[in-house]
$ cat my_file_37.pdb   # PDB, C-alpha atoms and all ligand atoms
ATOM      1  CA  PRO A 792      48.949  52.268-185.824
ATOM      2  CA  VAL A 793      46.210  54.764-185.080
ATOM      3  CA  SER A 794      42.826  54.525-186.752
ATOM      4  CA  GLN A 795      41.184  57.939-186.923
ATOM      5  CA  PRO A 796      38.734  58.976-185.707
ATOM      6  CA  ILE A 797      38.782  56.464-182.854
ATOM      7  CA  LYS A 798      35.482  54.927-181.978
ATOM      8  CA  HIS A 799      35.023  52.647-178.974
ATOM      9  CA  PHE A 800      32.245  50.149-178.183
ATOM     10  CA  LEU A 801      32.062  50.393-174.408
ATOM     11  CA  GLN A 802      28.309  50.172-174.032
ATOM     12  CA  PHE A 803      25.429  49.456-176.380
ATOM     13  CA  SER A 804      24.357  53.093-176.598
ATOM     14  CA  ASP A 805      27.745  54.032-178.137
ATOM     15  CA  PHE A 806      26.344  53.091-181.578
ATOM     16  CA  THR A 807      23.333  54.467-183.445
ATOM     17  CA  ARG A 808      20.583  52.327-184.918
ATOM     18  CA  ASP A 809      22.036  53.044-188.343
ATOM     19  CA  GLU A 810      25.489  51.844-187.302
ATOM     20  CA  PHE A 811      23.984  48.646-185.867
ATOM     21  CA  GLU A 812      21.993  48.034-189.048
ATOM     22  CA  TYR A 813      25.254  48.364-190.980
ATOM     23  CA  VAL A 814      27.150  46.008-188.646
ATOM     24  CA  ILE A 815      24.316  43.443-188.796
ATOM     25  CA  GLN A 816      24.322  43.600-192.579
ATOM     26  CA  ARG A 817      28.112  43.079-192.581
ATOM     27  CA  ALA A 818      27.746  40.217-190.064
ATOM     28  CA  THR A 819      25.313  38.523-192.451
ATOM     29  CA  ASP A 820      27.820  38.781-195.306
ATOM     30  CA  ILE A 821      30.790  37.746-193.156
ATOM     31  CA  LYS A 822      28.828  34.744-191.846
ATOM     32  CA  ARG A 823      27.954  33.696-195.399
ATOM     33  CA  LYS A 824      31.628  33.921-196.429
ATOM     34  CA  PHE A 825      32.649  31.837-193.383
ATOM     35  CA  LYS A 826      30.087  29.124-194.179
ATOM     36  CA  ALA A 827      31.299  29.038-197.797
ATOM     37  CA  TYR A 828      34.982  28.691-196.696
ATOM     38  CA  GLU A 829      35.659  31.931-198.580
ATOM     39  CA  VAL A 830      38.958  33.537-197.603
ATOM     40  CA  TYR A 831      38.349  37.078-196.356
ATOM     41  CA  HIS A 832      41.456  38.806-194.989
ATOM     42  CA  PRO A 833      40.827  42.556-194.704
ATOM     43  CA  LEU A 834      42.948  42.793-191.527
ATOM     44  CA  VAL A 835      46.315  41.281-192.520
ATOM     45  CA  ASP A 836      49.015  42.365-190.053
ATOM     46  CA  ARG A 837      46.467  43.863-187.643
ATOM     47  CA  THR A 838      46.560  42.765-184.017
ATOM     48  CA  LEU A 839      43.825  42.503-181.409
ATOM     49  CA  VAL A 840      44.845  42.420-177.750
ATOM     50  CA  MET A 841      42.341  40.797-175.397
ATOM     51  CA  VAL A 842      42.547  41.624-171.690
ATOM     52  CA  PHE A 843      40.642  39.289-169.376
ATOM     53  CA  GLU A 844      40.152  40.003-165.683
ATOM     54  CA  LYS A 845      37.325  37.414-165.535
ATOM     55  CA  SER A 846      36.855  33.920-166.993
ATOM     56  CA  SER A 847      35.544  33.304-170.512
ATOM     57  CA  THR A 848      34.901  30.595-173.055
ATOM     58  CA  ARG A 849      32.765  32.210-175.790
ATOM     59  CA  THR A 850      34.209  35.720-175.704
ATOM     60  CA  ARG A 851      37.816  34.616-175.914
ATOM     61  CA  LEU A 852      37.177  32.016-178.564
ATOM     62  CA  SER A 853      34.997  34.241-180.779
ATOM     63  CA  PHE A 854      37.385  37.210-180.683
ATOM     64  CA  GLU A 855      40.508  35.089-181.129
ATOM     65  CA  ALA A 856      39.124  32.890-183.911
ATOM     66  CA  GLY A 857      37.425  35.895-185.509
ATOM     67  CA  MET A 858      40.594  37.955-185.705
ATOM     68  CA  HIS A 859      42.465  34.990-187.170
ATOM     69  CA  GLN A 860      39.730  34.481-189.785
ATOM     70  CA  LEU A 861      39.994  38.158-190.800
ATOM     71  CA  GLY A 862      43.696  37.656-191.514
ATOM     72  CA  GLY A 863      44.979  39.282-188.319
ATOM     73  CA  ALA A 864      46.279  38.031-184.989
ATOM     74  CA  ALA A 865      44.932  38.054-181.441
ATOM     75  CA  ILE A 866      46.881  38.078-178.193
ATOM     76  CA  TYR A 867      45.385  36.948-174.891
ATOM     77  CA  LEU A 868      46.396  38.616-171.640
ATOM     78  CA  ASN A 869      44.930  37.939-168.218
ATOM     79  CA  THR A 870      45.284  39.537-164.818
ATOM     80  CA  ARG A 871      47.221  36.598-163.414
ATOM     81  CA  ASP A 872      50.255  36.804-165.658
ATOM     82  CA  SER A 873      50.276  40.387-166.864
ATOM     83  CA  GLN A 874      51.351  43.429-164.873
ATOM     84  CA  LEU A 875      47.682  44.423-164.440
ATOM     85  CA  GLY A 876      47.452  41.844-161.662
ATOM     86  CA  ARG A 877      50.407  43.479-159.913
ATOM     87  CA  GLY A 878      48.857  46.912-159.829
ATOM     88  CA  GLU A 879      49.980  48.605-163.065
ATOM     89  CA  PRO A 880      47.484  51.448-163.540
ATOM     90  CA  VAL A 881      44.883  50.833-166.260
ATOM     91  CA  GLU A 882      45.718  54.249-167.715
ATOM     92  CA  ASP A 883      49.320  53.100-168.278
ATOM     93  CA  ALA A 884      48.169  49.771-169.668
ATOM     94  CA  GLY A 885      45.893  51.607-172.126
ATOM     95  CA  GLN A 886      48.785  53.772-173.312
ATOM     96  CA  VAL A 887      51.209  50.893-173.731
ATOM     97  CA  MET A 888      48.919  48.297-175.297
ATOM     98  CA  SER A 889      47.479  50.773-177.789
ATOM     99  CA  ARG A 890      50.961  51.634-179.076
ATOM    100  CA  MET A 891      51.597  48.013-180.011
ATOM    101  CA  CYS A 892      48.309  46.871-181.480
ATOM    102  CA  ASP A 893      45.352  48.024-183.554
ATOM    103  CA  ILE A 894      42.340  47.192-181.416
ATOM    104  CA  ILE A 895      41.718  46.065-177.826
ATOM    105  CA  MET A 896      39.005  44.049-176.083
ATOM    106  CA  VAL A 897      38.677  44.281-172.304
ATOM    107  CA  ARG A 898      36.677  42.108-169.896
ATOM    108  CA  THR A 899      36.812  43.554-166.399
ATOM    109  CA  PHE A 900      34.821  44.448-163.278
ATOM    110  CA  GLY A 901      33.551  48.056-162.971
ATOM    111  CA  GLN A 902      32.600  49.967-166.127
ATOM    112  CA  GLU A 903      34.741  52.853-164.905
ATOM    113  CA  ILE A 904      37.832  50.657-165.366
ATOM    114  CA  ILE A 905      37.223  50.174-169.105
ATOM    115  CA  GLU A 906      36.271  53.858-169.450
ATOM    116  CA  ARG A 907      39.620  54.884-167.934
ATOM    117  CA  PHE A 908      41.452  52.362-170.108
ATOM    118  CA  ALA A 909      39.747  53.658-173.270
ATOM    119  CA  ALA A 910      40.425  57.283-172.376
ATOM    120  CA  HIS A 911      44.147  56.476-172.564
ATOM    121  CA  SER A 912      44.013  54.260-175.652
ATOM    122  CA  ARG A 913      45.007  55.374-179.156
ATOM    123  CA  VAL A 914      43.000  52.549-180.710
ATOM    124  CA  PRO A 915      39.388  51.337-180.471
ATOM    125  CA  VAL A 916      38.410  49.521-177.269
ATOM    126  CA  ILE A 917      35.592  46.949-177.151
ATOM    127  CA  ASN A 918      33.749  45.965-173.978
ATOM    128  CA  GLY A 919      33.934  42.179-173.644
ATOM    129  CA  LEU A 920      31.805  42.360-170.432
ATOM    130  CA  THR A 921      31.867  44.527-167.337
ATOM    131  CA  ASN A 922      29.701  44.383-164.207
ATOM    132  CA  GLU A 923      27.340  46.891-165.840
ATOM    133  CA  HIS A 924      27.325  46.009-169.560
ATOM    134  CA  HIS A 925      27.742  43.151-172.063
ATOM    135  CA  PRO A 926      27.094  44.903-175.390
ATOM    136  CA  CYS A 927      28.720  42.311-177.700
ATOM    137  CA  GLN A 928      26.405  39.604-176.395
ATOM    138  CA  VAL A 929      23.282  41.709-176.911
ATOM    139  CA  LEU A 930      24.477  42.610-180.413
ATOM    140  CA  ALA A 931      24.836  38.875-181.177
ATOM    141  CA  ASP A 932      21.389  38.250-179.677
ATOM    142  CA  ILE A 933      19.740  40.921-181.791
ATOM    143  CA  PHE A 934      21.457  39.556-184.907
ATOM    144  CA  THR A 935      20.117  36.126-183.901
ATOM    145  CA  PHE A 936      16.607  37.563-183.516
ATOM    146  CA  TYR A 937      16.887  39.153-186.995
ATOM    147  CA  GLU A 938      17.890  35.806-188.489
ATOM    148  CA  HIS A 939      14.964  33.946-186.948
ATOM    149  CA  ARG A 940      12.215  36.543-186.895
ATOM    150  CA  GLY A 941      13.295  39.709-188.752
ATOM    151  CA  PRO A 942      13.488  43.197-187.217
ATOM    152  CA  ILE A 943      13.077  43.460-183.443
ATOM    153  CA  ALA A 944      11.519  46.958-183.487
ATOM    154  CA  GLY A 945       8.045  46.924-181.952
ATOM    155  CA  LYS A 946       8.505  43.493-180.331
ATOM    156  CA  THR A 947       8.263  42.566-176.644
ATOM    157  CA  VAL A 948      11.239  40.961-174.912
ATOM    158  CA  ALA A 949      10.912  39.440-171.421
ATOM    159  CA  TRP A 950      13.819  39.565-168.990
ATOM    160  CA  ILE A 951      13.618  37.120-166.071
ATOM    161  CA  GLY A 952      16.501  37.454-163.611
ATOM    162  CA  ASP A 953      18.528  40.016-161.737
ATOM    163  CA  ALA A 954      19.395  43.490-162.939
ATOM    164  CA  ASN A 955      22.801  42.584-164.312
ATOM    165  CA  ASN A 956      25.099  43.550-167.201
ATOM    166  CA  MET A 957      22.917  41.730-169.745
ATOM    167  CA  LEU A 958      19.731  43.494-168.664
ATOM    168  CA  TYR A 959      21.354  46.949-168.774
ATOM    169  CA  SER A 960      22.610  46.268-172.304
ATOM    170  CA  TRP A 961      19.154  44.985-173.322
ATOM    171  CA  LEU A 962      17.605  48.192-171.937
ATOM    172  CA  GLN A 963      19.966  50.296-174.034
ATOM    173  CA  ALA A 964      19.145  48.128-177.057
ATOM    174  CA  ALA A 965      15.402  48.672-176.464
ATOM    175  CA  GLU A 966      15.949  52.405-176.743
ATOM    176  CA  VAL A 967      18.182  52.146-179.834
ATOM    177  CA  PHE A 968      16.031  49.608-181.728
ATOM    178  CA  GLY A 969      12.585  50.613-180.467
ATOM    179  CA  PHE A 970      11.293  47.488-178.698
ATOM    180  CA  HIS A 971       9.804  46.938-175.239
ATOM    181  CA  LEU A 972      11.217  45.004-172.275
ATOM    182  CA  ASN A 973       9.068  43.222-169.680
ATOM    183  CA  VAL A 974      11.401  43.007-166.691
ATOM    184  CA  SER A 975      10.959  40.769-163.664
ATOM    185  CA  THR A 976      13.756  40.810-161.085
ATOM    186  CA  PRO A 977      13.731  39.091-157.672
ATOM    187  CA  LYS A 978      13.257  41.412-154.690
ATOM    188  CA  GLY A 979      16.540  43.054-153.746
ATOM    189  CA  TYR A 980      18.059  42.472-157.206
ATOM    190  CA  ASP A 981      16.157  45.209-159.027
ATOM    191  CA  LEU A 982      17.186  47.905-161.474
ATOM    192  CA  ASP A 983      19.439  50.776-160.493
ATOM    193  CA  PRO A 984      17.617  53.759-162.040
ATOM    194  CA  SER A 985      20.903  55.656-162.398
ATOM    195  CA  LEU A 986      21.941  53.073-165.016
ATOM    196  CA  VAL A 987      18.722  53.273-167.046
ATOM    197  CA  SER A 988      18.002  55.968-169.605
ATOM    198  CA  THR A 989      14.926  54.617-171.357
ATOM    199  CA  ASP A 990      11.253  54.229-170.499
ATOM    200  CA  ARG A 991      10.812  51.334-172.910
ATOM    201  CA  TYR A 992      10.253  48.801-170.114
ATOM    202  CA  THR A 993       7.629  47.617-167.616
ATOM    203  CA  LEU A 994       8.413  46.053-164.236
ATOM    204  CA  PHE A 995       6.591  42.879-163.121
ATOM    205  CA  ASP A 996       6.682  41.294-159.635
ATOM    206  CA  ASN A 997       5.586  37.994-161.088
ATOM    207  CA  PRO A 998       8.056  36.539-163.654
ATOM    208  CA  SER A 999       5.309  34.553-165.335
ATOM    209  CA  ASP A1000       3.328  37.738-166.011
ATOM    210  CA  ALA A1001       6.428  39.297-167.575
ATOM    211  CA  CYS A1002       6.447  36.491-170.172
ATOM    212  CA  ALA A1003       2.868  37.173-171.282
ATOM    213  CA  GLY A1004       2.798  38.038-174.985
ATOM    214  CA  ALA A1005       6.597  38.163-175.282
ATOM    215  CA  HIS A1006       8.263  37.439-178.630
ATOM    216  CA  LEU A1007      11.498  36.545-176.881
ATOM    217  CA  VAL A1008      12.160  35.286-173.343
ATOM    218  CA  ASN A1009      15.589  35.943-171.930
ATOM    219  CA  THR A1010      17.356  34.876-168.770
ATOM    220  CA  ASP A1011      20.890  34.583-167.389
ATOM    221  CA  VAL A1012      22.877  32.939-164.621
ATOM    222  CA  TRP A1013      21.635  33.885-161.124
ATOM    223  CA  THR A1014      25.127  34.676-159.853
ATOM    224  CA  SER A1015      27.215  36.707-162.273
ATOM    225  CA  MET A1016      31.026  36.682-162.206
ATOM    226  CA  GLY A1017      32.333  38.745-159.318
ATOM    227  CA  TYR A1018      29.272  38.051-157.101
ATOM    228  CA  GLU A1019      30.120  34.465-156.126
ATOM    229  CA  LYS A1020      29.992  35.201-152.373
ATOM    230  CA  GLU A1021      26.248  35.934-152.725
ATOM    231  CA  ASN A1022      25.498  32.579-154.350
ATOM    232  CA  ALA A1023      23.646  30.865-151.446
ATOM    233  CA  GLU A1024      21.603  33.974-150.707
ATOM    234  CA  ARG A1025      20.720  34.385-154.396
ATOM    235  CA  LEU A1026      19.555  30.772-154.735
ATOM    236  CA  LYS A1027      16.889  31.533-152.102
ATOM    237  CA  ALA A1028      15.906  34.956-153.451
ATOM    238  CA  PHE A1029      15.515  33.657-157.040
ATOM    239  CA  ASP A1030      13.144  30.846-156.079
ATOM    240  CA  GLY A1031      10.313  30.819-158.646
ATOM    241  CA  PHE A1032      12.328  32.639-161.314
ATOM    242  CA  ILE A1033      13.191  29.541-163.355
ATOM    243  CA  VAL A1034      12.181  29.844-167.023
ATOM    244  CA  ASP A1035      10.241  26.635-167.526
ATOM    245  CA  SER A1036       7.652  25.461-170.042
ATOM    246  CA  ALA A1037       4.808  26.986-167.969
ATOM    247  CA  LYS A1038       6.384  30.443-168.320
ATOM    248  CA  MET A1039       7.160  29.896-172.007
ATOM    249  CA  ALA A1040       3.495  28.975-172.514
ATOM    250  CA  ARG A1041       2.552  32.540-171.482
ATOM    251  CA  ALA A1042       4.697  33.984-174.313
ATOM    252  CA  THR A1043       3.615  34.126-177.969
ATOM    253  CA  PRO A1044       3.426  30.644-179.549
ATOM    254  CA  ASP A1045       6.528  31.284-181.675
ATOM    255  CA  ALA A1046       8.527  33.053-178.937
ATOM    256  CA  LEU A1047      12.260  32.428-178.916
ATOM    257  CA  PHE A1048      14.249  31.578-175.789
ATOM    258  CA  MET A1049      17.692  33.114-175.312
ATOM    259  CA  HIS A1050      20.448  32.745-172.712
ATOM    260  CA  CYS A1051      23.933  34.188-173.152
ATOM    261  CA  LEU A1052      25.480  31.072-171.506
ATOM    262  CA  PRO A1053      26.957  29.499-169.480
ATOM    263  CA  ALA A1054      23.642  28.046-168.240
ATOM    264  CA  HIS A1055      22.569  26.153-165.145
ATOM    265  CA  ARG A1056      19.742  23.735-165.932
ATOM    266  CA  GLY A1057      17.333  23.506-163.000
ATOM    267  CA  GLU A1058      18.256  26.990-161.724
ATOM    268  CA  GLU A1059      17.493  29.871-164.104
ATOM    269  CA  VAL A1060      16.242  27.618-166.908
ATOM    270  CA  ALA A1061      14.604  24.210-167.169
ATOM    271  CA  ALA A1062      16.267  21.662-169.457
ATOM    272  CA  GLU A1063      13.006  21.328-171.423
ATOM    273  CA  VAL A1064      13.285  25.007-172.401
ATOM    274  CA  ILE A1065      17.003  25.459-173.114
ATOM    275  CA  ASP A1066      17.146  22.124-174.954
ATOM    276  CA  GLY A1067      13.708  22.578-176.525
ATOM    277  CA  PRO A1068      12.540  23.816-179.936
ATOM    278  CA  GLN A1069      12.154  27.506-178.999
ATOM    279  CA  SER A1070      15.738  27.801-177.767
ATOM    280  CA  VAL A1071      18.282  29.542-180.018
ATOM    281  CA  VAL A1072      21.162  29.531-177.537
ATOM    282  CA  TRP A1073      23.666  27.824-179.850
ATOM    283  CA  ASP A1074      22.945  30.346-182.610
ATOM    284  CA  GLU A1075      23.499  33.165-180.101
ATOM    285  CA  ALA A1076      26.871  31.693-179.170
ATOM    286  CA  GLU A1077      27.931  31.159-182.796
ATOM    287  CA  ASN A1078      26.790  34.625-183.770
ATOM    288  CA  ARG A1079      29.236  36.178-181.312
ATOM    289  CA  LEU A1080      31.882  35.192-183.880
ATOM    290  CA  HIS A1081      30.148  36.754-186.874
ATOM    291  CA  VAL A1082      28.961  40.023-185.291
ATOM    292  CA  GLN A1083      32.274  40.678-183.597
ATOM    293  CA  LYS A1084      34.145  40.188-186.880
ATOM    294  CA  ALA A1085      31.770  42.770-188.390
ATOM    295  CA  LEU A1086      32.273  45.038-185.370
ATOM    296  CA  ILE A1087      36.086  44.859-185.587
ATOM    297  CA  GLU A1088      35.953  45.450-189.335
ATOM    298  CA  TYR A1089      33.763  48.524-188.785
ATOM    299  CA  LEU A1090      35.908  49.937-185.969
ATOM    300  CA  LEU A1091      39.113  49.509-187.989
ATOM    301  CA  LEU A1092      38.016  50.127-191.577
ATOM    302  CA  GLY A1093      34.817  52.151-191.259
ATOM    303  CA  ARG A1094      31.973  51.653-193.728
ATOM    304  CA  LEU A1095      33.235  49.704-196.707
ATOM    305  CA  GLU A1096      30.894  51.491-199.138
ATOM    306  CA  ASP A1097      32.512  54.820-198.165
ATOM    307  CA  LYS A1098      35.865  53.700-199.535
TER     308      LYS A1098
HETATM  309  N1  LIG A1101      28.318  34.672-173.027
HETATM  310  C1  LIG A1101      29.620  34.917-172.743
HETATM  311  O1  LIG A1101      30.093  36.061-172.749
HETATM  312  O2  LIG A1101      30.325  33.789-172.442
HETATM  313  P1  LIG A1101      31.813  33.684-171.866
HETATM  314  O3  LIG A1101      31.760  34.148-170.428
HETATM  315  O4  LIG A1101      32.139  32.220-171.981
HETATM  316  O5  LIG A1101      32.727  34.532-172.673
HETATM  317  N1  LIG A1102      25.803  38.009-166.308
HETATM  318  C1  LIG A1102      26.834  37.036-166.560
HETATM  319  C2  LIG A1102      27.118  36.916-168.018
HETATM  320  C3  LIG A1102      28.136  35.884-168.386
HETATM  321  C4  LIG A1102      28.454  35.850-169.845
HETATM  322  C5  LIG A1102      28.092  37.420-165.802
HETATM  323  O1  LIG A1102      28.407  38.611-165.757
HETATM  324  O2  LIG A1102      28.747  36.552-165.250
END

$ encode --input "my_file_37.pdb" --output "structure tokens" --more "lines below"
Ligand code: CP
Ligand code: NVA
Amino acid sequence: PVSQPIKHFLQFSDFTRDEFEYVIQRATDIKRKFKAYEVYHPLVDRTLVMVFEKSSTRTRLSFEAGMHQLGGAAIYLNTRDSQLGRGEPVEDAGQVMSRMCDIIMVRTFGQEIIERFAAHSRVPVINGLTNEHHPCQVLADIFTFYEHRGPIAGKTVAWIGDANNMLYSWLQAAEVFGFHLNVSTPKGYDLDPSLVSTDRYTLFDNPSDACAGAHLVNTDVWTSMGYEKENAERLKAFDGFIVDSAKMARATPDALFMHCLPAHRGEEVAAEVIDGPQSVVWDEAENRLHVQKALIEYLLLGRLEDK
């Protein structure tokens, strides 16, 4: 089946503010239905294929459970036991998979891999994380912010950690939603300007200063997937970048703490923060399910009010 026109979600900037507002509104409704055990099956007989070239707990579970809850089916493929691991070109994989299913999620290494895959797909492709972007997570995080604090426009979000996929997606979100990012990265792990197309951010050498006045403090694992060889070196370079209660005390009194998970207590975040009252990490994880169901619904069925 071919849904026309095809729209992909390969990076955060692929959607407009208006589209995100729609998806968030649908996520709210879909979440309410889920909590009320209401059967909602708009995608009977539709199939999602999920391609994983990296590990996952939340992404796999939320997409697979979400597709099932929408009345469809999800199929998991990984590099190890599909032909992708034996060198089948991604262009060919995109052609073949998109002739057998309705929508595809890909988690891979370089962004160019998912771009090539999508260019050869007849159906929508969703980025489930690449080295450069993690748009579904940031969408879930913004939905989580809306639930706890209302609109994020005009707010200040602190990013403490390296310039990784999460930060680049947050920077795109800052441009789309109109908020500001205070960014503090360890020396040598700073932003690549070629990947940034917004001026809605300020750089801070001192991570504590970046938290000052923030409405949300955000961090992530110090060694992202694919960079494991740098782990020992990173542990040294990131010294002082832990988000602890002293840093949270610099933020606004009702600041939220977010982390996309998995987390490492005692490295990027202190237990007192991630397990404390300002932390909304479990809501972020749960909301992956709800926003991605809304995202899939939108990519396959368009705006329901248009029908
Ligand atoms: N946050 C996130 O994407 O988690 P997984 O790696 O477990 O999918
Ligand atoms: N930056 C992390 C996010 C994990 C969900 C990584 O890429 O490994």

$ closest_atom_pairs --input "my_file_37.pdb" --of "chain A" --to "ligand LIG 1101 (chain A)" --cutoff "10 Å" --atoms "all atoms listed in the file" --output "CSV"
residue,atom,partner,partner_atom,distance
A:Phe843,CA,A:LIG1101,O5,9.8
A:Lys845,CA,A:LIG1101,O3,8.1
A:Ser846,CA,A:LIG1101,O3,6.1
A:Ser847,CA,A:LIG1101,O5,3.8
A:Thr848,CA,A:LIG1101,O4,3.4
A:Arg849,CA,A:LIG1101,O4,3.9
A:Thr850,CA,A:LIG1101,O5,3.6
A:Arg851,CA,A:LIG1101,O5,6.0
A:Leu852,CA,A:LIG1101,O5,7.8
A:Ser853,CA,A:LIG1101,O5,8.4
A:Phe854,CA,A:LIG1101,O5,9.6
A:Arg898,CA,A:LIG1101,O5,9.0
A:Gly919,CA,A:LIG1101,O1,7.3
A:Leu920,CA,A:LIG1101,O1,6.9
A:His925,CA,A:LIG1101,O1,7.5
A:Pro926,CA,A:LIG1101,O1,9.7
A:Cys927,CA,A:LIG1101,O1,8.1
A:Gln928,CA,A:LIG1101,N1,6.3
A:Val929,CA,A:LIG1101,N1,9.5
A:Ala931,CA,A:LIG1101,N1,9.8
A:Met957,CA,A:LIG1101,N1,9.5
A:Asp1011,CA,A:LIG1101,N1,9.3
A:Ser1015,CA,A:LIG1101,O3,9.7
A:Met1016,CA,A:LIG1101,O3,8.6
A:His1050,CA,A:LIG1101,N1,8.1
A:Cys1051,CA,A:LIG1101,N1,4.4
A:Leu1052,CA,A:LIG1101,N1,4.8
A:Pro1053,CA,A:LIG1101,O2,6.2
A:Ala1054,CA,A:LIG1101,N1,9.4
A:Val1072,CA,A:LIG1101,N1,9.9
A:Glu1075,CA,A:LIG1101,N1,8.7
A:Ala1076,CA,A:LIG1101,N1,7.0
A:Arg1079,CA,A:LIG1101,N1,8.5

$ atom_distance --input "my_file_37.pdb" --atom1 "CA of Arg940 in chain A" --atom2 "CA of Asp996 in chain A"
28.2 Å

$ residues_around --input "my_file_37.pdb" --residues "Asp820 in chain A" --least-positions-apart "6" --cutoff "12 Å" --atoms "only C-alpha atoms" --output "VMD selection string"
chain A and resid 813 to 814 826 to 827 829 831 1081 to 1082 1084 to 1085

$ atom_distance --input "my_file_37.pdb" --atom1 "CA of Thr1043 in chain A" --atom2 "CA of Gly1004 in chain A"
5.0 Å

$ closest_residue --input "my_file_37.pdb" --among "A:Leu958, A:Val987, A:Ala1003, A:Val1008" --to "ligand LIG 1102 (chain A)" --atoms "only C-alpha atoms and all ligand atoms"
A:Leu958

$ build_atoms --input "my_file_37.pdb" --residues "range 864-882 of chain A" --atoms "N, CA and C atoms" --output "PDB file, keeping the file's coordinate frame"
ATOM      1  N   ALA A 864      45.840  38.854-186.115  1.00  0.00           N
ATOM      2  CA  ALA A 864      46.279  38.031-184.989  1.00  0.00           C
ATOM      3  C   ALA A 864      45.642  38.550-183.707  1.00  0.00           C
ATOM      4  N   ALA A 865      45.489  37.656-182.734  1.00  0.00           N
ATOM      5  CA  ALA A 865      44.932  38.054-181.441  1.00  0.00           C
ATOM      6  C   ALA A 865      45.856  37.577-180.330  1.00  0.00           C
ATOM      7  N   ILE A 866      46.018  38.417-179.331  1.00  0.00           N
ATOM      8  CA  ILE A 866      46.881  38.078-178.193  1.00  0.00           C
ATOM      9  C   ILE A 866      46.051  38.126-176.924  1.00  0.00           C
ATOM     10  N   TYR A 867      46.173  37.065-176.128  1.00  0.00           N
ATOM     11  CA  TYR A 867      45.385  36.948-174.891  1.00  0.00           C
ATOM     12  C   TYR A 867      46.242  37.339-173.683  1.00  0.00           C
ATOM     13  N   LEU A 868      45.735  38.248-172.891  1.00  0.00           N
ATOM     14  CA  LEU A 868      46.396  38.616-171.640  1.00  0.00           C
ATOM     15  C   LEU A 868      45.390  38.441-170.506  1.00  0.00           C
ATOM     16  N   ASN A 869      45.840  37.968-169.364  1.00  0.00           N
ATOM     17  CA  ASN A 869      44.930  37.939-168.218  1.00  0.00           C
ATOM     18  C   ASN A 869      45.591  38.594-167.011  1.00  0.00           C
ATOM     19  N   THR A 870      44.785  38.829-165.991  1.00  0.00           N
ATOM     20  CA  THR A 870      45.284  39.537-164.818  1.00  0.00           C
ATOM     21  C   THR A 870      46.417  38.761-164.147  1.00  0.00           C
ATOM     22  N   ARG A 871      46.276  37.422-164.168  1.00  0.00           N
ATOM     23  CA  ARG A 871      47.221  36.598-163.414  1.00  0.00           C
ATOM     24  C   ARG A 871      48.657  36.760-163.903  1.00  0.00           C
ATOM     25  N   ASP A 872      48.862  36.723-165.229  1.00  0.00           N
ATOM     26  CA  ASP A 872      50.255  36.804-165.658  1.00  0.00           C
ATOM     27  C   ASP A 872      50.580  38.023-166.507  1.00  0.00           C
ATOM     28  N   SER A 873      49.824  39.121-166.283  1.00  0.00           N
ATOM     29  CA  SER A 873      50.276  40.387-166.864  1.00  0.00           C
ATOM     30  C   SER A 873      50.511  41.338-165.686  1.00  0.00           C
ATOM     31  N   GLN A 874      51.055  42.494-165.962  1.00  0.00           N
ATOM     32  CA  GLN A 874      51.351  43.429-164.873  1.00  0.00           C
ATOM     33  C   GLN A 874      50.079  44.055-164.290  1.00  0.00           C
ATOM     34  N   LEU A 875      48.942  43.892-164.987  1.00  0.00           N
ATOM     35  CA  LEU A 875      47.682  44.423-164.440  1.00  0.00           C
ATOM     36  C   LEU A 875      47.380  43.821-163.070  1.00  0.00           C
ATOM     37  N   GLY A 876      47.698  42.534-162.926  1.00  0.00           N
ATOM     38  CA  GLY A 876      47.452  41.844-161.662  1.00  0.00           C
ATOM     39  C   GLY A 876      48.386  42.304-160.555  1.00  0.00           C
ATOM     40  N   ARG A 877      49.444  43.008-160.918  1.00  0.00           N
ATOM     41  CA  ARG A 877      50.407  43.479-159.913  1.00  0.00           C
ATOM     42  C   ARG A 877      50.275  44.979-159.704  1.00  0.00           C
ATOM     43  N   GLY A 878      49.157  45.529-160.171  1.00  0.00           N
ATOM     44  CA  GLY A 878      48.857  46.912-159.829  1.00  0.00           C
ATOM     45  C   GLY A 878      49.276  47.959-160.846  1.00  0.00           C
ATOM     46  N   GLU A 879      49.683  47.573-162.065  1.00  0.00           N
ATOM     47  CA  GLU A 879      49.980  48.605-163.065  1.00  0.00           C
ATOM     48  C   GLU A 879      48.686  49.363-163.370  1.00  0.00           C
ATOM     49  N   PRO A 880      48.710  50.692-163.318  1.00  0.00           N
ATOM     50  CA  PRO A 880      47.484  51.448-163.540  1.00  0.00           C
ATOM     51  C   PRO A 880      46.880  51.166-164.916  1.00  0.00           C
ATOM     52  N   VAL A 881      45.537  51.109-164.971  1.00  0.00           N
ATOM     53  CA  VAL A 881      44.883  50.833-166.260  1.00  0.00           C
ATOM     54  C   VAL A 881      45.197  51.930-167.265  1.00  0.00           C
ATOM     55  N   GLU A 882      45.389  53.148-166.804  1.00  0.00           N
ATOM     56  CA  GLU A 882      45.718  54.249-167.715  1.00  0.00           C
ATOM     57  C   GLU A 882      47.044  53.946-168.432  1.00  0.00           C
TER      58      GLU A 882
END
